[in-house]
Every structure is written in structure tokens, then in C-alpha cells.
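Asker: One structure is given below, represented as C-alpha cells, and several questions about it will come after.
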Amino acid sequence: YQGGQAMVKGWGRDTFLHERSEWLYVAEAMLAHVVVHSLLLYFVVPLFVRQVDPQPCTYVEVAEKSSCNWFNANPVHCMRSLHYYCHDPPHIIDLPGRAHLHKVNHDIHAYYEAPDFEEEESFLSQVFSKASESFEEAKIMMHDAKLRVASFPHRAKEEVARVSNETIARVASFPRNASEAMRSSTGSSPASTSRSSRAG
């Protein structure tokens, strides 16, 4: 396969636009592309688009809900409104995040006004808020760690006392457990053992 530069390398400057088969291929490809593209738009695309019945409305109804219109989208018209015609209030250029600056003025067909807005946080304010949240979390973790360290001696003392009580209870029950073990191994009580020894 040869590229475009290699294809026209042997063409002369005077005969570049003369009748050639390459121009015919280009024209056929372009025509085929336009035909296929148009058929897809006309027959295939509507199958994936939901049909909506248009609702009749006036310019005023739309302009009350949309901050951008034909007048304030043109910065030169906004400058004329402010400095030449001296409208009060004038048209304000419509920019993202500045919709709250528009004022209603029916004389100049300005119908949009939304003074209430939520101010967007700047990058630095977001960084500071995240840093403060992390700092607060770190303070809480440090406080919990201090409480655990402070309560460690008390818990250790309770554990020592519990182990000591268990040990004392085991030591106190040792003679009784030993005597019971001896009786069970001999199969006789100490009283019967003493009586049999006296009888012998």
C-alpha cells in the first residue's frame, strides 16, 4: 500500500489536476460515505431516540428559567446595554457560575433572576477542609489511645487480682481434692480403715 505522497510523486505540477483515476476513487469514497451516513441518520438513529411531543411555550416562559439568551450571550450587546443605552439594570454577560448576577428588566427583555445560589468551594478551601477533617480524626484517635494507655494499669491490676483469687481458690481446695482422690482410689472411707486396723 502506498501513501498519498508516494501516489502523487510522479505527477507533474501542470498535470496534477488533470483527469486521473485517483480523483475518481476519492469522489466515489466521499459520495459513498455521505450516502451511508445519511441513511444511518435517517433510519437507524430514530430507533434509539425517544419521541417527545413539543410543548408550546412563550419566550418569556423560557427566559425566566434559562439564564442565557440572545441578548446576554453577546458581550458587545451587554457593553452597549451598560454604557450606551444605560439600562438599569443592564444586561450582564452570561458566564458559568455568574447566573446569580442577572436582574429582571422587562423593558430590555431580561426575565431571569435567581439571587439565591450556593457558592462553589475553591481548591484551597477544599484542601483546608480536608486537612481539618484529617486533623480532627487524628485528635480523636490520639484521645482514644491516651484513654487506653491510662486504663492499662487498672486493667492489669484487675487481671492480677483475678488470677490471684483463682490461684488461692485452687490451693485452698487442694487438701479436700486430695483426700477425695485417696478415698476413691482405696474404695473405703478413713473411718472404716481405722476400724479394720483396730480389729486386726
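Identifiers in this document derive from the order of the C-alpha cells: chains are assigned A, B, ..., residues are numbered from 1 separately in each chain, and ligands are numbered from 1 in order of occurrence.
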Residues at most 12 Å from Glu61 (chain A), counting only C-alpha atoms, excluding those fewer than 3 positions away in the same chain, as number ranges by chain?

Answerer: A: 55-58, 64-67, 109-112

Asker: Run DSSP on the backbone and grab whatever in region 57-131 of chain A lands in alpha helix (DSSP H); send it over as a list in words.

Answerer: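 Selection result, alpha helix (DSSP H) within region 57-131 of chain A: Tyr59, Val60, Glu61, Val62, Ala63, Glu64, Lys65, Pro75, Val76, His77, Cys78, Met79, Phe123, Leu124, Ser125, Gln126, Val127, Phe128, Ser129, Lys130 and Ala131 of chain A.
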
Asker: Could you please take those selected residues and save C-alpha atoms as a short mmCIF file (atom, residue, chain, number, x, y, z; two decimals), in the first residue's frame?

Answerer:
```cif
data_model
loop_
_atom_site.label_atom_id
_atom_site.label_comp_id
_atom_site.auth_asym_id
_atom_site.auth_seq_id
_atom_site.Cartn_x
_atom_site.Cartn_y
_atom_site.Cartn_z
CA TYR A 59 -40.15 33.32 25.01
CA VAL A 60 -40.85 34.80 28.43
CA GLU A 61 -41.52 31.36 29.96
CA VAL A 62 -38.21 30.02 28.67
CA ALA A 63 -36.23 33.17 29.54
CA GLU A 64 -37.46 33.01 33.15
CA LYS A 65 -35.85 29.56 33.55
CA PRO A 75 -20.63 40.67 25.20
CA VAL A 76 -20.82 43.66 22.83
CA HIS A 77 -24.58 43.90 23.35
CA CYS A 78 -24.01 43.79 27.12
CA MET A 79 -21.49 46.65 26.85
CA PHE A 123 -9.46 24.38 45.55
CA LEU A 124 -7.65 25.83 48.57
CA SER A 125 -10.79 25.80 50.70
CA GLN A 126 -11.35 22.14 49.79
CA VAL A 127 -7.75 21.34 50.72
CA PHE A 128 -8.10 23.15 54.05
CA SER A 129 -11.41 21.45 54.85
CA LYS A 130 -9.94 18.02 54.11
CA ALA A 131 -6.89 18.84 56.22
#
```

Asker: Would you mind telling me which residue in A:His106, A:His143, A:Lys9, A:Arg170 lies nearest to His91 (chain A) when using only C-alpha atoms?

Answerer: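 Ranking A:His106, A:His143, A:Lys9, A:Arg170 by distance to His91 (chain A), first place goes to A:His106.
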
Asker: Tell me, in Å to one decimal, how far CA of Leu82 (chain A) is from CA of Val104 (chain A).

Answerer: 14.4 Å

Asker: Rounded to one decimal place, report the CA of His87 (chain A)-CA of Asn72 (chain A) distance in Å.

Answerer: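 Result for CA of His87 (chain A) versus CA of Asn72 (chain A): 12.9 Å, one decimal.
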
Asker: Which residue gives the smallest distance to Asp94 (chain A) among A:Phe48, A:Tyr42, A:Phe135, A:Trp70, with only C-alpha atoms counted?

Answerer: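 Looking at the shortest contact to Asp94 (chain A), the residue is A:Trp70.
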